[in-house]
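Next comes start19.cif, with mmCIF, C-alpha atoms.
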```
data_run
#
loop_
_atom_site.label_atom_id
_atom_site.label_comp_id
_atom_site.auth_asym_id
_atom_site.auth_seq_id
_atom_site.Cartn_x
_atom_site.Cartn_y
_atom_site.Cartn_z
CA MET B 844 -39.57 -24.28 42.73
CA SER B 845 -39.81 -27.70 44.29
CA ILE B 846 -39.28 -29.88 47.29
CA VAL B 847 -36.40 -32.07 46.08
CA VAL B 848 -36.28 -35.60 47.51
CA GLY B 849 -33.13 -37.67 47.15
CA VAL B 850 -33.89 -41.27 46.16
CA ALA B 851 -31.13 -43.82 46.78
CA PRO B 852 -31.15 -46.96 44.62
CA GLY B 853 -31.33 -50.14 46.65
CA GLN B 854 -32.66 -48.44 49.79
CA ASP B 855 -36.05 -47.93 51.38
CA ASN B 856 -36.93 -44.38 50.31
CA ARG B 857 -40.44 -44.24 51.70
CA ALA B 858 -39.57 -42.13 54.78
CA ALA B 859 -37.97 -39.43 52.62
CA VAL B 860 -40.83 -39.44 50.11
CA GLU B 861 -43.50 -39.21 52.82
CA LEU B 862 -41.70 -36.33 54.53
CA GLY B 863 -41.28 -34.60 51.17
CA ALA B 864 -45.01 -35.02 50.54
CA VAL B 865 -45.91 -33.40 53.88
CA LEU B 866 -43.62 -30.44 53.16
CA ALA B 867 -44.85 -30.08 49.59
CA ARG B 868 -48.47 -30.04 50.73
CA SER B 869 -47.78 -27.67 53.65
CA TYR B 870 -45.75 -25.24 51.53
CA SER B 871 -47.88 -25.58 48.36
CA GLN B 872 -44.95 -26.81 46.29
CA LYS B 873 -44.46 -29.63 43.81
CA LEU B 874 -42.26 -32.67 44.44
CA LEU B 875 -39.18 -33.59 42.47
CA LEU B 876 -37.75 -37.06 43.11
CA VAL B 877 -34.09 -37.32 42.10
CA ALA B 878 -31.81 -40.35 41.74
CA ILE B 879 -28.12 -39.75 41.04
CA ASN B 880 -26.16 -41.75 38.47
CA SER B 881 -22.48 -41.39 39.30
CA ALA B 882 -21.42 -44.25 37.01
CA ALA B 883 -21.73 -41.97 33.98
CA TRP B 884 -19.22 -39.51 35.41
CA PRO B 885 -17.03 -38.00 34.11
CA PRO B 886 -18.66 -37.60 30.70
CA GLY B 887 -16.93 -39.34 27.85
CA ARG B 888 -15.83 -42.52 29.59
CA ILE B 889 -14.60 -45.17 27.19
CA SER B 890 -17.21 -47.42 25.59
CA VAL B 891 -16.15 -50.49 27.57
CA ASP B 892 -18.11 -49.00 30.49
CA ALA B 893 -21.26 -48.43 28.47
CA GLU B 894 -23.03 -51.63 29.50
CA TYR B 895 -22.41 -50.95 33.20
CA GLN B 896 -23.59 -47.37 32.84
CA VAL B 897 -26.83 -48.55 31.26
CA PHE B 898 -27.32 -50.99 34.13
CA VAL B 899 -26.79 -48.32 36.78
CA ARG B 900 -29.07 -45.84 35.04
CA ARG B 901 -31.81 -48.45 34.80
CA ALA B 902 -31.40 -49.19 38.51
CA ALA B 903 -31.72 -45.49 39.30
CA ARG B 904 -34.84 -45.22 37.13
CA ALA B 905 -36.31 -48.30 38.82
CA SER B 906 -35.73 -46.78 42.26
CA LEU B 907 -37.61 -43.65 41.17
CA ASP B 908 -40.50 -45.74 39.87
CA GLU B 909 -40.68 -47.54 43.21
CA ALA B 910 -40.59 -44.25 45.13
CA LEU B 911 -43.31 -42.68 42.97
CA VAL B 912 -45.75 -45.27 44.31
CA PHE B 913 -45.59 -43.52 47.71
CA VAL B 914 -46.47 -40.06 46.35
CA PRO B 915 -50.11 -39.12 47.10
CA ASP B 916 -52.39 -38.32 44.18
CA ASP B 917 -53.05 -34.75 45.37
CA LEU B 918 -49.46 -33.64 44.72
CA VAL B 919 -47.74 -32.60 41.51
CA VAL B 920 -44.62 -34.72 41.11
CA ASP B 921 -41.81 -35.17 38.63
CA SER B 922 -38.71 -37.38 38.67
CA LEU B 923 -35.33 -37.50 37.02
CA VAL B 924 -32.03 -39.35 36.92
CA HIS B 925 -29.14 -36.87 37.16
CA ASP B 926 -25.54 -37.65 36.19
CA ALA B 927 -22.98 -36.34 38.68
CA GLY B 928 -19.68 -37.20 40.28
CA SER B 929 -21.36 -38.14 43.57
CA SER B 930 -24.82 -38.34 45.11
CA ARG B 931 -24.10 -35.32 47.31
CA ARG B 932 -22.93 -33.18 44.40
CA GLY B 933 -25.78 -34.30 42.18
CA LEU B 934 -28.50 -33.49 44.70
CA LEU B 935 -27.03 -30.04 45.28
CA GLU B 936 -26.75 -29.40 41.54
CA VAL B 937 -30.39 -30.28 40.97
CA SER B 938 -31.51 -28.27 44.01
CA GLU B 939 -29.71 -25.20 42.69
CA ARG B 940 -31.02 -25.67 39.16
CA VAL B 941 -34.68 -25.83 40.22
CA ASP B 942 -34.31 -23.25 43.01
CA ALA B 943 -35.46 -25.84 45.56
CA LEU B 944 -37.16 -24.71 48.74
CA ARG B 945 -36.04 -27.81 50.68
CA LEU B 946 -33.84 -30.83 50.02
CA VAL B 947 -35.14 -34.00 51.71
CA VAL B 948 -33.10 -37.12 52.41
CA GLY B 949 -33.85 -40.32 54.27
CA PRO B 950 -32.03 -42.07 57.12
CA ALA B 951 -29.02 -44.34 56.77
CA ALA B 952 -29.95 -47.92 55.94
CA ASP B 953 -28.99 -49.30 59.37
CA GLY B 954 -30.48 -46.52 61.50
CA PRO B 955 -32.62 -47.14 64.61
CA ALA B 956 -36.40 -47.04 64.24
CA GLY B 957 -37.94 -43.62 64.79
CA ARG B 958 -34.60 -41.79 64.82
CA ILE B 959 -32.51 -39.83 62.35
CA SER B 960 -29.27 -41.48 61.36
CA LEU B 961 -26.69 -39.86 59.11
CA GLY B 962 -25.10 -41.73 56.24
CA SER B 963 -22.24 -40.61 54.03
CA VAL B 964 -24.53 -38.65 51.69
CA SER B 965 -26.56 -36.86 54.38
CA SER B 966 -23.42 -36.09 56.40
CA GLY B 967 -21.83 -34.59 53.30
CA LEU B 968 -24.92 -32.52 52.57
CA LEU B 969 -24.94 -31.05 56.06
CA HIS B 970 -21.46 -29.69 55.46
CA SER B 971 -21.93 -28.37 51.93
CA ALA B 972 -25.60 -27.45 51.44
CA GLU B 973 -26.70 -23.86 51.01
CA LEU B 974 -30.41 -24.57 51.41
CA PRO B 975 -32.36 -26.16 54.29
CA VAL B 976 -31.89 -29.94 54.42
CA ALA B 977 -34.79 -32.00 55.82
CA LEU B 978 -33.87 -35.31 57.45
CA ALA B 979 -36.49 -38.05 57.80
CA PRO B 980 -36.36 -40.47 60.75
CA GLU B 981 -36.32 -44.19 60.08
CA GLY B 982 -39.86 -45.43 59.45
CA PHE B 983 -41.42 -41.95 59.15
CA ARG B 984 -45.00 -42.16 57.91
CA ALA B 985 -47.74 -39.56 57.44
CA GLU B 986 -51.50 -39.93 57.25
CA ALA B 987 -53.27 -39.26 53.97
CA GLY B 988 -53.51 -35.54 53.28
CA ALA B 989 -51.31 -34.64 56.26
CA ARG B 990 -49.99 -31.11 56.63
CA LEU B 991 -47.57 -29.83 59.23
CA LYS B 992 -49.36 -29.21 62.51
CA ARG B 993 -46.48 -27.33 64.12
CA ILE B 994 -42.95 -26.09 63.48
CA THR B 995 -40.58 -26.11 66.43
CA ALA B 996 -37.40 -24.03 66.38
CA ALA B 997 -34.59 -25.17 68.66
CA TYR B 998 -33.10 -22.30 70.67
CA SER B 999 -29.54 -22.55 72.01
CA GLY B 1000 -29.07 -19.02 73.29
CA SER B 1001 -26.83 -17.81 70.45
CA SER B 1002 -27.52 -14.87 68.16
CA THR B 1003 -27.58 -17.25 65.19
CA SER B 1004 -30.20 -19.32 66.98
CA ALA B 1005 -32.28 -16.19 67.60
CA ASN B 1006 -32.21 -15.38 63.88
CA LEU B 1007 -33.27 -18.93 63.09
CA ILE B 1008 -36.35 -18.43 65.25
CA LEU B 1009 -37.35 -15.32 63.32
CA GLY B 1010 -36.98 -17.16 60.02
CA ALA B 1011 -38.83 -20.22 61.30
CA ALA B 1012 -41.66 -18.00 62.52
CA ILE B 1013 -42.03 -16.59 59.00
CA VAL B 1014 -42.13 -20.09 57.53
CA ALA B 1015 -44.72 -21.21 60.11
CA ALA B 1016 -46.89 -18.17 59.38
CA ASP B 1017 -46.77 -18.73 55.63
CA ALA B 1018 -47.55 -22.44 56.06
CA GLY B 1019 -50.47 -21.62 58.36
CA THR B 1020 -49.14 -23.83 61.14
CA ARG B 1021 -48.50 -23.38 64.84
CA PHE B 1022 -45.06 -22.35 66.05
CA ARG B 1023 -43.01 -23.27 69.09
CA ILE B 1024 -39.63 -22.28 70.50
CA ALA B 1025 -37.92 -25.13 72.35
CA SER B 1026 -34.77 -25.26 74.45
CA PHE B 1027 -33.23 -28.49 75.71
CA ALA B 1028 -30.78 -29.22 78.50
CA PRO B 1029 -29.83 -32.63 79.91
CA LYS B 1030 -29.52 -32.15 83.65
CA SER B 1031 -26.12 -33.76 83.77
CA ARG B 1032 -24.78 -31.24 81.21
CA VAL B 1033 -26.41 -28.29 82.96
CA LEU B 1034 -25.00 -29.24 86.35
CA SER B 1035 -21.57 -30.01 84.97
CA ALA B 1036 -21.40 -26.67 83.19
CA ALA B 1037 -22.42 -24.87 86.34
CA GLY B 1038 -20.04 -26.80 88.58
CA ILE B 1039 -22.69 -27.42 91.24
CA GLY B 1040 -24.01 -30.48 93.03
CA LEU B 1041 -27.24 -32.37 92.69
CA GLU B 1042 -28.71 -30.76 95.81
CA VAL B 1043 -29.31 -27.51 93.99
CA GLU B 1044 -30.45 -29.12 90.76
CA ALA B 1045 -34.02 -27.85 90.95
CA SER B 1046 -33.04 -24.24 91.64
CA PHE B 1047 -30.49 -24.20 88.87
CA ILE B 1048 -32.92 -25.63 86.33
CA ALA B 1049 -35.42 -22.95 87.37
CA GLU B 1050 -32.77 -20.27 86.87
CA TRP B 1051 -31.90 -21.68 83.43
CA LYS B 1052 -35.56 -21.58 82.41
CA GLU B 1053 -35.87 -18.02 83.66
CA THR B 1054 -32.84 -16.95 81.61
CA VAL B 1055 -34.13 -18.62 78.45
CA SER B 1056 -37.59 -17.14 79.03
CA ARG B 1057 -36.09 -13.66 79.31
CA ASP B 1058 -34.09 -14.12 76.11
CA THR B 1059 -36.99 -15.57 74.16
CA SER B 1060 -39.27 -12.77 75.35
CA GLU B 1061 -37.07 -10.34 73.44
CA ILE B 1062 -37.19 -12.60 70.39
CA LEU B 1063 -40.97 -12.89 70.65
CA ARG B 1064 -41.27 -9.10 70.52
CA GLU B 1065 -39.37 -9.21 67.23
CA VAL B 1066 -41.66 -11.98 65.98
CA GLU B 1067 -44.70 -9.87 66.87
CA ALA B 1068 -43.26 -7.05 64.77
CA LEU B 1069 -42.98 -9.22 61.66
CA PRO B 1070 -45.36 -8.38 58.80
CA THR B 1071 -46.57 -12.01 58.88
CA ARG B 1072 -46.44 -14.03 62.06
CA PRO B 1073 -47.90 -17.28 63.42
CA GLU B 1074 -51.20 -17.06 65.23
CA THR B 1075 -49.97 -19.39 67.99
CA ILE B 1076 -46.50 -19.19 69.55
CA ASP B 1077 -45.37 -21.30 72.49
CA VAL B 1078 -42.13 -21.57 74.45
CA GLU B 1079 -41.27 -24.90 76.06
CA PHE B 1080 -38.34 -26.52 77.84
CA GLY B 1081 -37.04 -30.07 77.85
CA THR B 1082 -34.85 -31.45 80.61
CA GLY B 1083 -33.85 -34.94 81.65
CA PRO B 1084 -30.88 -37.14 82.55
CA SER B 1085 -29.91 -37.45 78.85
CA TRP B 1086 -30.50 -35.76 75.51
CA ALA B 1087 -33.07 -38.40 74.59
CA ALA B 1088 -34.93 -37.80 77.85
CA ALA B 1089 -34.76 -34.02 77.42
CA LEU B 1090 -36.41 -34.26 74.00
CA ARG B 1091 -39.02 -36.71 75.30
CA ASP B 1092 -39.80 -34.28 78.12
CA MET B 1093 -42.11 -32.29 75.85
CA SER B 1094 -44.99 -33.36 73.63
CA TRP B 1095 -44.73 -33.61 69.84
CA GLU B 1096 -47.38 -33.33 67.15
CA ASP B 1097 -47.83 -35.67 64.19
CA PRO B 1098 -46.60 -34.45 61.78
CA GLU B 1099 -44.22 -31.83 63.11
CA VAL B 1100 -40.73 -30.73 62.14
CA MET B 1101 -37.97 -29.21 64.22
CA MET B 1102 -35.77 -26.52 62.70
CA LEU B 1103 -32.20 -26.70 63.88
CA GLY B 1104 -29.50 -24.13 63.24
CA SER B 1105 -25.77 -24.48 63.06
CA SER B 1106 -23.46 -23.95 66.00
CA GLY B 1107 -21.59 -20.92 64.71
CA LEU B 1108 -18.63 -23.07 63.67
CA GLY B 1109 -17.54 -24.05 60.17
CA THR B 1110 -17.42 -22.38 56.80
CA LEU B 1111 -19.51 -19.27 56.22
CA LYS B 1112 -22.80 -19.89 54.41
CA ARG B 1113 -22.51 -23.64 54.91
CA VAL B 1114 -24.15 -26.05 57.31
CA ALA B 1115 -21.98 -27.25 60.20
CA LEU B 1116 -23.42 -28.87 63.30
CA GLY B 1117 -21.94 -28.42 66.75
CA SER B 1118 -21.94 -31.20 69.32
CA HIS B 1119 -25.18 -30.05 70.97
CA ALA B 1120 -26.96 -29.77 67.63
CA VAL B 1121 -25.82 -33.27 66.69
CA LYS B 1122 -27.19 -34.65 69.96
CA ILE B 1123 -30.55 -32.99 69.35
CA LEU B 1124 -30.63 -34.25 65.78
CA GLN B 1125 -29.79 -37.83 66.75
CA ASN B 1126 -32.42 -37.93 69.48
CA SER B 1127 -35.23 -36.00 67.79
CA PRO B 1128 -38.54 -37.91 67.64
CA VAL B 1129 -39.63 -35.82 64.63
CA PRO B 1130 -38.05 -34.89 61.29
CA VAL B 1131 -35.39 -32.19 61.51
CA ILE B 1132 -34.74 -29.38 59.04
CA VAL B 1133 -31.15 -28.20 59.32
CA VAL B 1134 -30.81 -24.58 58.27
CA PRO B 1135 -27.64 -23.39 56.53
CA ARG B 1136 -25.12 -20.93 57.87
CA ARG B 1137 -26.54 -17.95 56.00
CA VAL B 1138 -29.53 -18.02 58.37
CA LYS B 1139 -28.58 -14.61 59.75
CA SER B 1140 -29.36 -12.83 56.48
CA ASP B 1141 -31.33 -14.86 53.95
CA TYR B 1142 -33.43 -16.91 56.34
CA THR B 1143 -34.62 -14.00 58.47
CA ALA B 1144 -35.33 -12.13 55.24
CA GLY B 1145 -37.72 -14.92 54.32
CA VAL B 1146 -35.74 -16.29 51.36
CA PHE B 1147 -36.63 -19.84 52.41
CA SER B 1148 -40.26 -18.96 53.09
CA PRO B 1149 -42.79 -20.58 50.72
CA ARG B 1150 -44.65 -17.33 50.10
CA ARG B 1151 -41.49 -15.37 49.39
CA GLN B 1152 -40.26 -18.09 47.05
CA GLN B 1153 -43.50 -17.76 45.09
CA GLN B 1154 -43.07 -13.98 44.88
CA ARG B 1155 -39.57 -14.21 43.45
CA PRO B 1156 -39.28 -13.48 39.69
#
```
Rewrite the structure from the file as structure tokens, please.
Amino acid sequence: MSIVVGVAPGQDNRAAVELGAVLARSYSQKLLLVAINSAAWPPGRISVDAEYQVFVRRAARASLDEALVFVPDDLVVDSLVHDAGSSRRGLLEVSERVDALRLVVGPAADGPAGRISLGSVSSGLLHSAELPVALAPEGFRAEAGARLKRITAAYSGSSTSANLILGAAIVAADAGTRFRIASFAPKSRVLSAAGIGLEVEASFIAEWKETVSRDTSEILREVEALPTRPETIDVEFGTGPSWAAALRDMSWEDPEVMMLGSSGLGTLKRVALGSHAVKILQNSPVPVIVVPRRVKSDYTAGVFSPRRQQQRP
């Protein structure tokens, strides 16, 4: 079992490595840094390509050596170059082979500072992964020896979202970190959905919070009934004139991750983000772990919990 970190040749991989290190330390797992060599695919290419394949493999190995510099000495780490038809396919193949707990990828090369930006590889992973995918914001850094201080689960009001909270609570309990349920609503979206004017904004926001509080109270009772549960559980709300403002409306720890579920759309057992989830992801000030579509069964059963991974044969 490992925290698998995708290393992209020619890019700054430090954000992904540092996030992987925090998760590995928090979940008591080892790190596996992986670079994908797609030039050697399919196997058996004619010998005229041999020199180019050697060049690409050396570049992949060099990128791993550069990334290894950022791995703290207190962690167990390994690295490999994996041949595959694409970076997306290769990372998923390795993750399946080592029974990875998390797959970590960095931001797109041209992403804004402090925000998550999706490139072609990360976008592909979010639509084909069957394990939680952790996305590092541009410039993410962690202090020496850092462990997760809190896990926040985003709640949208759906049954799938409720199941995500139960699974996230198990993960938080096993990692020994605080847990928070968060719900976000830009005021413009709330008012538009309700078809009401600005003069009743305050009362409508209060009603929305009351509804979410009632729903989460039921979820919290289920969390309390879990065999292992976090010692601290909070429920908070974020509102503002935009998604960015709604996420800034609440405080964030350093380091902290937000767990985000799918929207209920897309292929069964696969990750697919709805428009609201994408907005949250793009505006999150902390790393985001996107949980796959099988959250309703495997995740609430603790399959992606560090302790339950260790107990598996």
Inset, instruction - I would like the residues chosen by the PyMOL selection byres ((chain B and resi 930) around 9) on the shown file; could you give them as a VMD selection string? - result: chain B and resid 849 851 878 to 881 926 to 929 931 to 935 964
Could the residues in this selection be saved with C-alpha atoms as a PDB file, in the frame of the given file?
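Contents of result_5.pdb, freshly written:
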```pdb
ATOM      1  CA  GLY B 849     -33.130 -37.670  47.150  1.00  0.00           C
ATOM      2  CA  ALA B 851     -31.130 -43.820  46.780  1.00  0.00           C
ATOM      3  CA  ALA B 878     -31.810 -40.350  41.740  1.00  0.00           C
ATOM      4  CA  ILE B 879     -28.120 -39.750  41.040  1.00  0.00           C
ATOM      5  CA  ASN B 880     -26.160 -41.750  38.470  1.00  0.00           C
ATOM      6  CA  SER B 881     -22.480 -41.390  39.300  1.00  0.00           C
ATOM      7  CA  ASP B 926     -25.540 -37.650  36.190  1.00  0.00           C
ATOM      8  CA  ALA B 927     -22.980 -36.340  38.680  1.00  0.00           C
ATOM      9  CA  GLY B 928     -19.680 -37.200  40.280  1.00  0.00           C
ATOM     10  CA  SER B 929     -21.360 -38.140  43.570  1.00  0.00           C
ATOM     11  CA  ARG B 931     -24.100 -35.320  47.310  1.00  0.00           C
ATOM     12  CA  ARG B 932     -22.930 -33.180  44.400  1.00  0.00           C
ATOM     13  CA  GLY B 933     -25.780 -34.300  42.180  1.00  0.00           C
ATOM     14  CA  LEU B 934     -28.500 -33.490  44.700  1.00  0.00           C
ATOM     15  CA  LEU B 935     -27.030 -30.040  45.280  1.00  0.00           C
ATOM     16  CA  VAL B 964     -24.530 -38.650  51.690  1.00  0.00           C
TER      17      VAL B 964
END
```
Inset, instruction - Report the residues retrieved by the PyMOL selection byres ((chain B and resi 979) around 6) from the displayed file, expressed as JSON, numbers by chain. - result: {"B": [858, 859, 949, 978, 980, 1130]}
Written selection (C-alpha atoms) as an mmCIF file, keeping the file's coordinate frame:
```cif
data_model
loop_
_atom_site.group_PDB
_atom_site.id
_atom_site.type_symbol
_atom_site.label_atom_id
_atom_site.label_comp_id
_atom_site.auth_asym_id
_atom_site.auth_seq_id
_atom_site.Cartn_x
_atom_site.Cartn_y
_atom_site.Cartn_z
ATOM 1 C CA ALA B 858 -39.570 -42.130 54.780
ATOM 2 C CA ALA B 859 -37.970 -39.430 52.620
ATOM 3 C CA GLY B 949 -33.850 -40.320 54.270
ATOM 4 C CA LEU B 978 -33.870 -35.310 57.450
ATOM 5 C CA PRO B 980 -36.360 -40.470 60.750
ATOM 6 C CA PRO B 1130 -38.050 -34.890 61.290
#
```
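In this model, the gap between CA of Leu862 (chain B) and CA of Val899 (chain B) comes to 26.1 Å.
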Picked residues, the PyMOL selection byres ((chain B and resi 950) around 10), as a PDB file with C-alpha atoms, in the frame of the given file:
```pdb
ATOM      1  CA  GLN B 854     -32.660 -48.440  49.790  1.00  0.00           C
ATOM      2  CA  ASP B 855     -36.050 -47.930  51.380  1.00  0.00           C
ATOM      3  CA  ASN B 856     -36.930 -44.380  50.310  1.00  0.00           C
ATOM      4  CA  ALA B 858     -39.570 -42.130  54.780  1.00  0.00           C
ATOM      5  CA  ALA B 859     -37.970 -39.430  52.620  1.00  0.00           C
ATOM      6  CA  VAL B 948     -33.100 -37.120  52.410  1.00  0.00           C
ATOM      7  CA  GLY B 949     -33.850 -40.320  54.270  1.00  0.00           C
ATOM      8  CA  ALA B 951     -29.020 -44.340  56.770  1.00  0.00           C
ATOM      9  CA  ALA B 952     -29.950 -47.920  55.940  1.00  0.00           C
ATOM     10  CA  ASP B 953     -28.990 -49.300  59.370  1.00  0.00           C
ATOM     11  CA  GLY B 954     -30.480 -46.520  61.500  1.00  0.00           C
ATOM     12  CA  PRO B 955     -32.620 -47.140  64.610  1.00  0.00           C
ATOM     13  CA  ALA B 956     -36.400 -47.040  64.240  1.00  0.00           C
ATOM     14  CA  GLY B 957     -37.940 -43.620  64.790  1.00  0.00           C
ATOM     15  CA  ARG B 958     -34.600 -41.790  64.820  1.00  0.00           C
ATOM     16  CA  ILE B 959     -32.510 -39.830  62.350  1.00  0.00           C
ATOM     17  CA  SER B 960     -29.270 -41.480  61.360  1.00  0.00           C
ATOM     18  CA  LEU B 961     -26.690 -39.860  59.110  1.00  0.00           C
ATOM     19  CA  GLY B 962     -25.100 -41.730  56.240  1.00  0.00           C
ATOM     20  CA  VAL B 964     -24.530 -38.650  51.690  1.00  0.00           C
ATOM     21  CA  SER B 965     -26.560 -36.860  54.380  1.00  0.00           C
ATOM     22  CA  LEU B 978     -33.870 -35.310  57.450  1.00  0.00           C
ATOM     23  CA  ALA B 979     -36.490 -38.050  57.800  1.00  0.00           C
ATOM     24  CA  PRO B 980     -36.360 -40.470  60.750  1.00  0.00           C
ATOM     25  CA  GLU B 981     -36.320 -44.190  60.080  1.00  0.00           C
ATOM     26  CA  GLY B 982     -39.860 -45.430  59.450  1.00  0.00           C
ATOM     27  CA  PHE B 983     -41.420 -41.950  59.150  1.00  0.00           C
TER      28      PHE B 983
END
```
Inset, instruction - Pick out the closest residue to Ala1087 (chain B) from this set: B:His970, B:His925, B:Arg990, B:Lys1030. Count only C-alpha atoms. - result: B:Lys1030
Inset, instruction - Report the distance between CA of Glu894 (chain B) and CA of Leu907 (chain B) in Å, rounded to one decimal place. - result: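 Separating CA of Glu894 (chain B) from CA of Leu907 (chain B) is a distance of 20.3 Å.
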Inset, instruction - Using only C-alpha atoms, pick whichever of B:Val865, B:Ile1132, B:Leu974, B:Ile1024 has the shortest atom-to-atom distance to Ser1004 (chain B). - result: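 Once distances to Ser1004 (chain B) are computed over only C-alpha atoms, the minimum belongs to B:Ile1024.
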Inset, instruction - Mind giving me the straight-line distance from CA of Ala1018 (chain B) to CA of Met1102 (chain B) in Å, one decimal? - result: 14.1 Å
Legend entry - Nearest candidate to Tyr895 (chain B) (options B:Ala1049, B:Ala882, B:Arg993, B:Thr1054; using only C-alpha atoms): B:Ala882
Legend entry - Ile846 (chain B) environment, 6 Å, only C-alpha atoms, sequence neighbours closer than 6 positions dropped, as JSON, numbers by chain: {"B": [874, 943, 944, 945]}
Legend entry - Residue nearest Lys1122 (chain B) - candidates B:Glu1050, B:Phe1027, B:Val924, B:Val1014, atoms counted: all atoms listed in the file: B:Phe1027
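Distances to Ala1011 (chain B) were evaluated for B:Ser938, B:His1119, B:Met1101, B:Val920 using only C-alpha atoms, and the minimum falls at B:Met1101.
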Legend entry - Selected residue, from B:Ala903, B:Ala1045, B:Ala1012, B:Ala977, that lies nearest to Val860 (chain B) when counting only C-alpha atoms: B:Ala977
Inset, instruction - Would you be able to write out as an NGL selection string which residues have an atom within 8 Å of (-45.1, -30.6, 77.5) in the file's coordinates, counting all atoms listed in the file? - result: :B and (1079-1080 or 1092-1094)
Would you write out those residues with C-alpha atoms, as a compact mmCIF listing (two decimals), in the frame of the given file?
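Saved file out.txt follows:
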```
# COMPACT_ATOMS: atom_id res chain seq x y z
CA GLU B 1079 -41.27 -24.90 76.06
CA PHE B 1080 -38.34 -26.52 77.84
CA ASP B 1092 -39.80 -34.28 78.12
CA MET B 1093 -42.11 -32.29 75.85
CA SER B 1094 -44.99 -33.36 73.63
```
Legend entry - Local residues around (-48.4, -34.5, 53.4), at most 12 Å away, using all atoms listed in the file, as an NGL selection string: :B and (846 or 858-874 or 913-918 or 983-992 or 1097-1099)
